[in-house]
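Undergrad: My structure is stored as run-v9.cif, with mmCIF, C-alpha atoms.
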data_coords
#
loop_
_atom_site.label_atom_id
_atom_site.label_comp_id
_atom_site.auth_asym_id
_atom_site.auth_seq_id
_atom_site.Cartn_x
_atom_site.Cartn_y
_atom_site.Cartn_z
CA MET A 1 -119.10 -19.06 -114.72
CA THR A 2 -116.48 -19.59 -112.05
CA GLU A 3 -112.90 -18.43 -112.37
CA SER A 4 -111.95 -22.06 -112.91
CA GLY A 5 -114.50 -22.28 -115.71
CA PHE A 6 -113.03 -19.24 -117.48
CA TYR A 7 -109.55 -20.73 -117.12
CA LYS A 8 -110.69 -23.98 -118.70
CA LEU A 9 -112.48 -22.09 -121.46
CA GLY A 10 -109.27 -20.23 -122.21
CA ARG A 11 -107.44 -23.50 -122.54
CA LEU A 12 -110.17 -24.75 -124.86
CA ALA A 13 -109.99 -21.72 -127.12
CA GLY A 14 -106.21 -21.96 -127.28
CA GLY A 15 -106.11 -25.69 -127.95
CA LYS A 16 -109.09 -25.74 -130.34
CA VAL A 17 -111.07 -28.93 -129.91
CA ARG A 18 -108.23 -31.22 -128.91
CA LYS A 19 -109.68 -31.79 -125.45
CA VAL A 20 -113.24 -30.71 -126.04
CA LYS A 21 -114.84 -33.91 -124.73
CA TRP A 22 -112.88 -33.59 -121.49
CA MET A 23 -113.86 -29.93 -121.29
CA TRP A 24 -117.55 -30.67 -121.68
CA SER A 25 -117.49 -33.29 -118.93
CA SER A 26 -115.51 -31.14 -116.53
CA LEU A 27 -117.71 -28.09 -117.05
CA THR A 28 -121.06 -29.83 -116.81
CA GLY A 29 -120.25 -32.07 -113.87
CA ASP A 30 -121.99 -35.40 -113.37
CA GLU A 31 -124.15 -37.31 -115.84
CA THR A 32 -127.36 -35.65 -114.71
CA GLU A 33 -125.92 -32.18 -115.28
CA ALA A 34 -124.41 -33.21 -118.62
CA ILE A 35 -127.75 -34.52 -119.92
CA GLN A 36 -129.50 -31.36 -118.74
CA ALA A 37 -126.88 -29.24 -120.50
CA GLU A 38 -127.28 -31.26 -123.71
CA TYR A 39 -131.03 -30.66 -123.52
CA GLY A 40 -130.40 -26.91 -123.35
CA VAL A 41 -128.17 -27.09 -126.41
CA GLY A 42 -130.75 -29.13 -128.32
CA TRP A 43 -133.53 -26.74 -127.33
CA ASP A 44 -131.69 -23.85 -128.97
CA MET A 45 -130.91 -25.87 -132.08
CA ALA A 46 -134.47 -27.19 -132.40
CA ALA A 47 -135.78 -23.63 -132.41
CA VAL A 48 -133.64 -22.87 -135.46
CA VAL A 49 -134.84 -26.03 -137.23
CA ARG A 50 -138.49 -25.09 -136.65
CA GLU A 51 -137.81 -21.53 -137.76
CA ARG A 52 -136.06 -22.56 -140.98
CA SER A 53 -137.94 -25.69 -142.00
CA GLY A 54 -141.47 -25.35 -140.72
CA CYS A 55 -143.08 -28.08 -138.64
CA ASN A 56 -146.72 -28.27 -139.67
CA VAL A 57 -148.04 -31.79 -139.09
CA ASP A 58 -151.52 -33.24 -138.90
CA PRO A 59 -152.62 -34.31 -135.41
CA ALA A 60 -153.03 -37.99 -136.33
CA LEU A 61 -149.44 -38.28 -137.53
CA GLN A 62 -148.09 -36.43 -134.51
CA THR A 63 -150.05 -38.76 -132.24
CA LEU A 64 -148.51 -41.76 -134.01
CA LEU A 65 -145.01 -40.33 -133.56
CA ASP A 66 -145.66 -39.41 -129.93
CA ASP A 67 -146.95 -42.90 -129.16
CA THR A 68 -143.93 -44.41 -130.90
CA ARG A 69 -141.58 -42.18 -128.91
CA ASP A 70 -143.29 -43.04 -125.63
CA ARG A 71 -143.01 -46.77 -126.20
CA LEU A 72 -139.36 -46.52 -127.15
CA ALA A 73 -138.47 -44.09 -124.35
CA GLY A 74 -140.13 -46.45 -121.91
CA VAL A 75 -137.43 -49.07 -122.52
CA VAL A 76 -134.45 -46.68 -122.42
CA ARG A 77 -132.42 -47.58 -119.36
CA ASN A 78 -131.40 -44.05 -118.37
CA LYS A 79 -134.63 -42.23 -117.59
CA LEU A 80 -132.83 -38.89 -117.51
CA HIS A 81 -133.08 -38.78 -121.31
CA ARG A 82 -136.04 -36.92 -122.78
CA PHE A 83 -137.15 -37.16 -126.38
CA GLU A 84 -139.29 -35.11 -128.73
CA VAL A 85 -140.12 -36.16 -132.28
CA GLY A 86 -141.21 -33.62 -134.88
CA VAL A 87 -141.82 -33.44 -138.61
CA VAL A 88 -140.15 -30.95 -140.94
CA THR A 89 -141.24 -30.05 -144.45
CA ASP A 90 -137.83 -30.33 -146.14
CA ASP A 91 -137.87 -32.28 -149.41
CA PRO A 92 -135.01 -34.80 -149.09
CA PRO A 93 -136.02 -37.93 -147.15
CA THR A 94 -133.91 -37.82 -144.02
CA ALA A 95 -133.96 -37.74 -140.23
CA TYR A 96 -131.60 -36.23 -137.69
CA ALA A 97 -131.16 -36.04 -133.95
CA LEU A 98 -130.08 -32.99 -131.99
CA PRO A 99 -128.39 -33.11 -128.61
CA GLY A 100 -130.82 -33.55 -125.76
CA GLY A 101 -133.23 -35.80 -127.65
CA PHE A 102 -134.82 -33.50 -130.25
CA ILE A 103 -135.51 -35.67 -133.30
CA PHE A 104 -136.83 -34.53 -136.68
CA LEU A 105 -138.11 -36.62 -139.59
CA THR A 106 -138.94 -35.18 -142.98
CA ARG A 107 -142.40 -35.77 -144.37
CA THR A 108 -140.88 -37.53 -147.40
CA LEU A 109 -139.11 -40.07 -145.18
CA ILE A 110 -142.34 -40.77 -143.29
CA ASP A 111 -144.09 -41.32 -146.63
CA LEU A 112 -141.30 -43.71 -147.67
CA CYS A 113 -141.99 -45.66 -144.48
CA GLU A 114 -145.60 -45.88 -145.70
CA HIS A 115 -146.62 -44.90 -142.16
CA ASP A 116 -145.70 -48.44 -141.07
CA PRO A 117 -145.41 -48.32 -137.24
CA ASP A 118 -142.50 -50.78 -137.13
CA GLU A 119 -140.51 -48.96 -139.80
CA LEU A 120 -141.13 -45.58 -138.20
CA ALA A 121 -140.16 -47.04 -134.83
CA PHE A 122 -136.80 -48.11 -136.19
CA VAL A 123 -136.14 -44.67 -137.70
CA VAL A 124 -136.96 -42.97 -134.39
CA ALA A 125 -135.02 -45.56 -132.36
CA HIS A 126 -131.98 -45.12 -134.63
CA GLU A 127 -131.99 -41.38 -133.99
CA MET A 128 -132.59 -41.86 -130.27
CA SER A 129 -129.52 -44.09 -130.25
CA HIS A 130 -127.38 -41.25 -131.61
CA VAL A 131 -128.48 -39.23 -128.57
CA ILE A 132 -128.04 -42.03 -126.04
CA ARG A 133 -124.56 -42.89 -127.33
CA ARG A 134 -123.69 -39.15 -127.31
CA HIS A 135 -122.96 -39.10 -131.03
CA ALA A 136 -125.15 -36.01 -131.45
CA ILE A 137 -123.45 -33.83 -128.84
CA ASN A 138 -119.95 -35.03 -129.72
CA ARG A 139 -120.50 -34.15 -133.38
CA VAL A 140 -121.36 -30.59 -132.37
CA LEU A 141 -118.45 -30.34 -129.96
CA ARG A 142 -116.01 -31.38 -132.67
CA GLN A 143 -116.86 -28.43 -134.89
CA THR A 144 -114.95 -25.44 -133.54
CA ALA A 145 -113.74 -23.96 -130.30
CA TYR A 146 -116.35 -21.25 -130.80
CA ALA A 147 -119.17 -23.77 -131.05
CA ALA A 148 -118.00 -25.55 -127.92
CA ALA A 149 -117.57 -22.30 -126.04
CA SER A 150 -121.03 -21.10 -127.05
CA MET A 151 -122.56 -24.16 -125.42
CA LEU A 152 -121.19 -23.40 -121.99
CA ALA A 153 -124.34 -21.35 -121.39
CA PRO A 154 -126.94 -23.66 -122.98
CA GLY A 155 -130.60 -22.73 -123.10
CA ARG A 156 -129.86 -19.01 -123.46
CA GLY A 157 -129.78 -18.76 -127.24
CA ALA A 158 -126.00 -19.13 -127.43
CA ILE A 159 -125.87 -21.95 -129.99
CA ALA A 160 -128.65 -20.72 -132.29
CA PRO A 161 -126.55 -18.03 -134.05
CA TRP A 162 -123.85 -20.62 -134.77
CA LEU A 163 -126.36 -23.03 -136.33
CA ARG A 164 -127.90 -20.25 -138.42
CA ARG A 165 -124.45 -19.40 -139.71
CA VAL A 166 -123.39 -22.93 -140.67
CA GLY A 167 -126.85 -23.80 -142.03
CA LEU A 168 -129.20 -26.70 -141.45
CA GLU A 169 -127.41 -28.72 -144.12
CA TRP A 170 -124.81 -29.38 -141.45
CA LEU A 171 -127.37 -31.47 -139.54
CA GLU A 172 -127.58 -33.93 -142.43
CA ARG A 173 -123.87 -34.61 -142.60
CA GLY A 174 -123.12 -38.18 -141.75
CA TYR A 175 -121.76 -39.70 -138.61
CA SER A 176 -118.96 -42.19 -138.92
CA ARG A 177 -119.80 -45.62 -140.32
CA ASN A 178 -119.20 -47.18 -136.91
CA GLN A 179 -121.57 -44.71 -135.27
CA GLU A 180 -124.28 -45.48 -137.83
CA PHE A 181 -123.86 -49.22 -137.31
CA GLU A 182 -123.94 -48.67 -133.54
CA ALA A 183 -127.17 -46.69 -133.86
CA ASP A 184 -128.66 -49.45 -136.04
CA ALA A 185 -127.73 -52.07 -133.43
CA LEU A 186 -129.10 -50.17 -130.44
CA GLY A 187 -132.12 -49.05 -132.47
CA SER A 188 -133.03 -52.64 -133.26
CA LEU A 189 -132.73 -53.56 -129.57
CA LEU A 190 -134.98 -50.66 -128.57
CA THR A 191 -137.63 -51.57 -131.14
CA ARG A 192 -137.64 -55.18 -130.01
CA ALA A 193 -137.79 -54.24 -126.31
CA ALA A 194 -140.70 -51.87 -127.03
CA ALA A 195 -142.61 -54.73 -128.75
CA PHE A 196 -142.21 -53.43 -132.29
CA ASP A 197 -141.21 -55.82 -135.05
CA PRO A 198 -137.44 -55.29 -135.49
CA ARG A 199 -137.72 -56.62 -139.03
CA GLY A 200 -139.40 -53.36 -139.94
CA ALA A 201 -135.89 -52.01 -140.46
CA LEU A 202 -135.17 -54.73 -143.03
CA ARG A 203 -138.38 -53.95 -144.90
CA LEU A 204 -137.49 -50.26 -144.97
CA PHE A 205 -133.93 -50.89 -146.18
CA ALA A 206 -135.17 -53.27 -148.88
CA ARG A 207 -137.54 -50.56 -150.09
CA PHE A 208 -134.65 -48.09 -150.17
CA GLN A 209 -132.72 -50.47 -152.39
CA ARG A 210 -135.64 -50.87 -154.81
CA LEU A 211 -136.31 -47.15 -154.98
CA ASP A 212 -132.65 -46.34 -155.51
CA ARG A 213 -132.69 -48.45 -158.66
CA ALA A 214 -136.14 -47.47 -159.92
CA PRO A 215 -136.40 -44.71 -162.55
CA GLY A 216 -138.55 -41.80 -161.50
CA ALA A 217 -138.56 -42.82 -157.83
CA PRO A 218 -138.02 -40.22 -155.07
CA SER A 219 -134.36 -39.31 -154.78
CA LEU A 220 -132.63 -40.96 -151.83
CA GLY A 221 -129.27 -39.43 -152.64
CA ALA A 222 -129.06 -37.20 -149.56
CA TYR A 223 -130.01 -39.98 -147.18
CA LEU A 224 -127.90 -42.71 -148.76
CA SER A 225 -124.83 -40.49 -149.05
CA THR A 226 -124.76 -39.87 -145.29
CA HIS A 227 -125.17 -43.50 -144.24
CA PRO A 228 -123.25 -46.73 -144.83
CA PRO A 229 -124.30 -48.81 -147.86
CA VAL A 230 -127.79 -50.20 -147.36
CA ALA A 231 -126.63 -53.74 -148.21
CA ASP A 232 -124.10 -53.62 -145.34
CA ARG A 233 -126.75 -52.39 -142.92
CA ILE A 234 -129.12 -55.17 -143.96
CA THR A 235 -126.43 -57.83 -143.52
CA ARG A 236 -125.50 -56.65 -140.04
CA LEU A 237 -129.11 -56.42 -138.90
CA GLN A 238 -129.89 -59.87 -140.31
CA HIS A 239 -127.00 -61.29 -138.29
CA ARG A 240 -128.24 -59.57 -135.14
CA LEU A 241 -131.77 -60.86 -135.63
CA ALA A 242 -130.47 -64.36 -136.26
CA ASP A 243 -128.49 -64.20 -133.02
CA ARG A 244 -131.54 -62.96 -131.12
CA PRO A 245 -134.55 -64.79 -132.57
CA GLN A 246 -137.97 -63.24 -132.11
#
Could you write out this structure as structure tokens?

TA:
Amino acid sequence: MTESGFYKLGRLAGGKVRKVKWMWSSLTGDETEAIQAEYGVGWDMAAVVRERSGCNVDPALQTLLDDTRDRLAGVVRNKLHRFEVGVVTDDPPTAYALPGGFIFLTRTLIDLCEHDPDELAFVVAHEMSHVIRRHAINRVLRQTAYAAASMLAPGRGAIAPWLRRVGLEWLERGYSRNQEFEADALGSLLTRAAAFDPRGALRLFARFQRLDRAPGAPSLGAYLSTHPPVADRITRLQHRLADRPQ
């Protein structure tokens, strides 16, 4: 790192995360360098997820997810973004995106989607949107000055010890309501542009509502507690679909 970089890092450590977004931009340079740096951060974090959660998946399911990713990535405007979609064996039905485009879905969430291509496409597109809108990297940068400082040398194992220390449960903590609604909105646009049925999201949310009320159904507590109320998400998506008819 240059002398200027060390000076800026010192300011960051002293001021905590008050100017962390400015720091990240100034230290990574232009958009191309920033996206490359985010990929390095996500690479380190994804290694910890695979190590802790296990990522065994049958080839047919992985092919479905890869095809879904390819179709969605094909309509993303900024081609600098790269995406990988994997499956983890954790029990709670959930999905999360890491900086740089590393996306993980739990097997239970995939089962809740009933392997419906349109529903799975919305889940993946929603998580891709968190990456595209920089929600994923900004959430990490907000944590601590240490976390931000450790990412100044991405791709070298700097962020992995931090993630091991805070635990993978941190990945399931919610974004803000506005960020979730923004990811729903962009996710629906991506699914439509990639020729998936955007109403797959409505079918999935309706199933969540039924399961949440049904005795003996799989617990959706972890997923529902980190997202806005399903009814609000349905209403907003219905309005968007009405404004943009199929």

Undergrad: Evaluate the PyMOL selection byres ((chain A and resi 106) around 9) on the structure here and hand back the selected residues as a PyMOL selection string.

TA: chain A and resi 86-95+104-105+107-111

Undergrad: Quick one, how far is atom CA of Phe181 of chain A from atom CA of Ala194 of chain A?

TA: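 Taking atom CA of Phe181 of chain A as the start and atom CA of Ala194 of chain A as the end point, the length is 19.9 Å.
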
Undergrad: Where does the PyMOL selection byres ((chain A and resi 183) around 9) land in this file, that is, which residues does it pick, as a ChimeraX atom specification?

TA: /A:125-130,133,178-182,184-188

Undergrad: Near segment 100-103 of chain A, within 12 Å and counting all atoms listed in the file, which residues show up once chain neighbours fewer than 3 positions away are dropped, as a count of residues only?

TA: 58

Undergrad: Please compute the atom CA of Pro229 of chain A-atom CA of Phe208 of chain A distance, one decimal, in Å.

TA: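 Atom CA of Phe208 of chain A lies 10.6 Å from atom CA of Pro229 of chain A.
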
Undergrad: So which residues touch Leu237 of chain A within 8 Å, counting only C-alpha atoms, skipping near sequence neighbours fewer than 2 positions away, as number ranges by chain?

TA: A: 184-185, 188, 202, 233-235, 239-241

Undergrad: Which is closest to Leu204 of chain A among A:Leu141, A:Ala231, A:Val75, A:Leu98, if we use all atoms listed in the file?

TA: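 Closest candidate: A:Ala231.
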
Undergrad: Could you please determine the separation between atom CA of Asp118 of chain A and atom CA of Leu72 of chain A in Å, to one decimal place?

TA: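 If I compute the distance from atom CA of Asp118 of chain A to atom CA of Leu72 of chain A, I get 11.3 Å.
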
Undergrad: Ranking A:Pro117, A:Gly74, A:Pro99, A:Gly54 by minimum distance to Ala201 of chain A and counting all atoms listed in the file, which one comes first?

TA: A:Pro117

Undergrad: With 5 Å on each side, where is the centre of the axis-aligned box around all listed atoms of segment 194-209 of chain A, and how long are its edges in Å to one decimal, as lines of an AutoDock Vina configuration file?

TA:
center_x = -137.7
center_y = -52.4
center_z = -139.7
size_x = 19.9
size_y = 18.5
size_z = 35.4

Undergrad: Would you please work out which residue, of A:His227, A:Ser53, A:Thr63, A:Leu112, is nearest to Arg210 of chain A when using only C-alpha atoms?

TA: A:Leu112

Undergrad: Ranking A:Glu119, A:Asp67, A:Asp58, A:Asp232 by minimum distance to Pro198 of chain A and counting only C-alpha atoms, which one comes first?

TA: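 Of the candidates, the smallest distance to Pro198 of chain A is held by A:Glu119.
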
Undergrad: Any chance you could build segment 114-146 of chain A out to N, CA and C atoms and write it as a PDB file, keeping the file's coordinate frame?

TA:
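File produced: rebuild.pdb:
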ATOM      1  N   GLU A 114    -144.209 -45.517-145.479  1.00  0.00           N
ATOM      2  CA  GLU A 114    -145.600 -45.880-145.700  1.00  0.00           C
ATOM      3  C   GLU A 114    -146.408 -45.882-144.402  1.00  0.00           C
ATOM      4  N   HIS A 115    -145.963 -45.034-143.470  1.00  0.00           N
ATOM      5  CA  HIS A 115    -146.620 -44.900-142.160  1.00  0.00           C
ATOM      6  C   HIS A 115    -146.669 -46.228-141.407  1.00  0.00           C
ATOM      7  N   ASP A 116    -145.777 -47.150-141.763  1.00  0.00           N
ATOM      8  CA  ASP A 116    -145.700 -48.440-141.070  1.00  0.00           C
ATOM      9  C   ASP A 116    -145.137 -48.212-139.667  1.00  0.00           C
ATOM     10  N   PRO A 117    -145.877 -48.597-138.605  1.00  0.00           N
ATOM     11  CA  PRO A 117    -145.410 -48.320-137.240  1.00  0.00           C
ATOM     12  C   PRO A 117    -144.049 -48.929-136.914  1.00  0.00           C
ATOM     13  N   ASP A 118    -143.777 -50.127-137.427  1.00  0.00           N
ATOM     14  CA  ASP A 118    -142.500 -50.780-137.130  1.00  0.00           C
ATOM     15  C   ASP A 118    -141.341 -50.102-137.843  1.00  0.00           C
ATOM     16  N   GLU A 119    -141.562 -49.657-139.061  1.00  0.00           N
ATOM     17  CA  GLU A 119    -140.510 -48.960-139.800  1.00  0.00           C
ATOM     18  C   GLU A 119    -140.240 -47.599-139.178  1.00  0.00           C
ATOM     19  N   LEU A 120    -141.305 -46.878-138.853  1.00  0.00           N
ATOM     20  CA  LEU A 120    -141.130 -45.580-138.200  1.00  0.00           C
ATOM     21  C   LEU A 120    -140.443 -45.743-136.851  1.00  0.00           C
ATOM     22  N   ALA A 121    -140.787 -46.807-136.129  1.00  0.00           N
ATOM     23  CA  ALA A 121    -140.160 -47.040-134.830  1.00  0.00           C
ATOM     24  C   ALA A 121    -138.663 -47.219-134.971  1.00  0.00           C
ATOM     25  N   PHE A 122    -138.239 -47.934-136.017  1.00  0.00           N
ATOM     26  CA  PHE A 122    -136.800 -48.110-136.190  1.00  0.00           C
ATOM     27  C   PHE A 122    -136.115 -46.784-136.512  1.00  0.00           C
ATOM     28  N   VAL A 123    -136.732 -45.969-137.368  1.00  0.00           N
ATOM     29  CA  VAL A 123    -136.140 -44.670-137.700  1.00  0.00           C
ATOM     30  C   VAL A 123    -135.970 -43.829-136.440  1.00  0.00           C
ATOM     31  N   VAL A 124    -137.023 -43.761-135.628  1.00  0.00           N
ATOM     32  CA  VAL A 124    -136.960 -42.970-134.390  1.00  0.00           C
ATOM     33  C   VAL A 124    -135.950 -43.575-133.433  1.00  0.00           C
ATOM     34  N   ALA A 125    -135.944 -44.895-133.285  1.00  0.00           N
ATOM     35  CA  ALA A 125    -135.020 -45.560-132.360  1.00  0.00           C
ATOM     36  C   ALA A 125    -133.570 -45.357-132.799  1.00  0.00           C
ATOM     37  N   HIS A 126    -133.337 -45.376-134.108  1.00  0.00           N
ATOM     38  CA  HIS A 126    -131.980 -45.120-134.630  1.00  0.00           C
ATOM     39  C   HIS A 126    -131.509 -43.729-134.211  1.00  0.00           C
ATOM     40  N   GLU A 127    -132.374 -42.733-134.367  1.00  0.00           N
ATOM     41  CA  GLU A 127    -131.990 -41.380-133.990  1.00  0.00           C
ATOM     42  C   GLU A 127    -131.860 -41.226-132.481  1.00  0.00           C
ATOM     43  N   MET A 128    -132.732 -41.877-131.720  1.00  0.00           N
ATOM     44  CA  MET A 128    -132.590 -41.860-130.270  1.00  0.00           C
ATOM     45  C   MET A 128    -131.247 -42.443-129.855  1.00  0.00           C
ATOM     46  N   SER A 129    -130.797 -43.454-130.573  1.00  0.00           N
ATOM     47  CA  SER A 129    -129.520 -44.090-130.250  1.00  0.00           C
ATOM     48  C   SER A 129    -128.355 -43.132-130.423  1.00  0.00           C
ATOM     49  N   HIS A 130    -128.438 -42.252-131.429  1.00  0.00           N
ATOM     50  CA  HIS A 130    -127.380 -41.250-131.610  1.00  0.00           C
ATOM     51  C   HIS A 130    -127.311 -40.322-130.394  1.00  0.00           C
ATOM     52  N   VAL A 131    -128.451 -40.070-129.770  1.00  0.00           N
ATOM     53  CA  VAL A 131    -128.480 -39.230-128.570  1.00  0.00           C
ATOM     54  C   VAL A 131    -127.935 -40.001-127.368  1.00  0.00           C
ATOM     55  N   ILE A 132    -128.431 -41.221-127.187  1.00  0.00           N
ATOM     56  CA  ILE A 132    -128.040 -42.030-126.040  1.00  0.00           C
ATOM     57  C   ILE A 132    -126.529 -42.310-126.034  1.00  0.00           C
ATOM     58  N   ARG A 133    -125.988 -42.607-127.211  1.00  0.00           N
ATOM     59  CA  ARG A 133    -124.560 -42.890-127.330  1.00  0.00           C
ATOM     60  C   ARG A 133    -123.704 -41.627-127.408  1.00  0.00           C
ATOM     61  N   ARG A 134    -124.350 -40.464-127.328  1.00  0.00           N
ATOM     62  CA  ARG A 134    -123.690 -39.150-127.310  1.00  0.00           C
ATOM     63  C   ARG A 134    -123.048 -38.798-128.652  1.00  0.00           C
ATOM     64  N   HIS A 135    -123.456 -39.464-129.710  1.00  0.00           N
ATOM     65  CA  HIS A 135    -122.960 -39.100-131.030  1.00  0.00           C
ATOM     66  C   HIS A 135    -123.378 -37.674-131.391  1.00  0.00           C
ATOM     67  N   ALA A 136    -124.611 -37.309-131.041  1.00  0.00           N
ATOM     68  CA  ALA A 136    -125.150 -36.010-131.450  1.00  0.00           C
ATOM     69  C   ALA A 136    -124.381 -34.864-130.806  1.00  0.00           C
ATOM     70  N   ILE A 137    -124.154 -34.932-129.493  1.00  0.00           N
ATOM     71  CA  ILE A 137    -123.450 -33.830-128.840  1.00  0.00           C
ATOM     72  C   ILE A 137    -121.979 -33.825-129.220  1.00  0.00           C
ATOM     73  N   ASN A 138    -121.367 -34.994-129.375  1.00  0.00           N
ATOM     74  CA  ASN A 138    -119.950 -35.030-129.720  1.00  0.00           C
ATOM     75  C   ASN A 138    -119.703 -34.485-131.123  1.00  0.00           C
ATOM     76  N   ARG A 139    -120.665 -34.694-132.036  1.00  0.00           N
ATOM     77  CA  ARG A 139    -120.500 -34.150-133.380  1.00  0.00           C
ATOM     78  C   ARG A 139    -120.489 -32.634-133.346  1.00  0.00           C
ATOM     79  N   VAL A 140    -121.348 -32.048-132.498  1.00  0.00           N
ATOM     80  CA  VAL A 140    -121.360 -30.590-132.370  1.00  0.00           C
ATOM     81  C   VAL A 140    -120.070 -30.098-131.726  1.00  0.00           C
ATOM     82  N   LEU A 141    -119.642 -30.783-130.690  1.00  0.00           N
ATOM     83  CA  LEU A 141    -118.450 -30.340-129.960  1.00  0.00           C
ATOM     84  C   LEU A 141    -117.189 -30.405-130.816  1.00  0.00           C
ATOM     85  N   ARG A 142    -117.198 -31.257-131.820  1.00  0.00           N
ATOM     86  CA  ARG A 142    -116.010 -31.380-132.670  1.00  0.00           C
ATOM     87  C   ARG A 142    -115.868 -30.226-133.654  1.00  0.00           C
ATOM     88  N   GLN A 143    -116.880 -29.410-133.812  1.00  0.00           N
ATOM     89  CA  GLN A 143    -116.860 -28.430-134.890  1.00  0.00           C
ATOM     90  C   GLN A 143    -115.764 -27.379-134.711  1.00  0.00           C
ATOM     91  N   THR A 144    -115.929 -26.503-133.742  1.00  0.00           N
ATOM     92  CA  THR A 144    -114.950 -25.440-133.540  1.00  0.00           C
ATOM     93  C   THR A 144    -114.878 -25.094-132.064  1.00  0.00           C
ATOM     94  N   ALA A 145    -113.832 -24.442-131.684  1.00  0.00           N
ATOM     95  CA  ALA A 145    -113.740 -23.960-130.300  1.00  0.00           C
ATOM     96  C   ALA A 145    -114.869 -22.987-130.019  1.00  0.00           C
ATOM     97  N   TYR A 146    -115.255 -22.204-131.013  1.00  0.00           N
ATOM     98  CA  TYR A 146    -116.350 -21.250-130.800  1.00  0.00           C
ATOM     99  C   TYR A 146    -117.648 -21.989-130.484  1.00  0.00           C
TER     100      TYR A 146
END
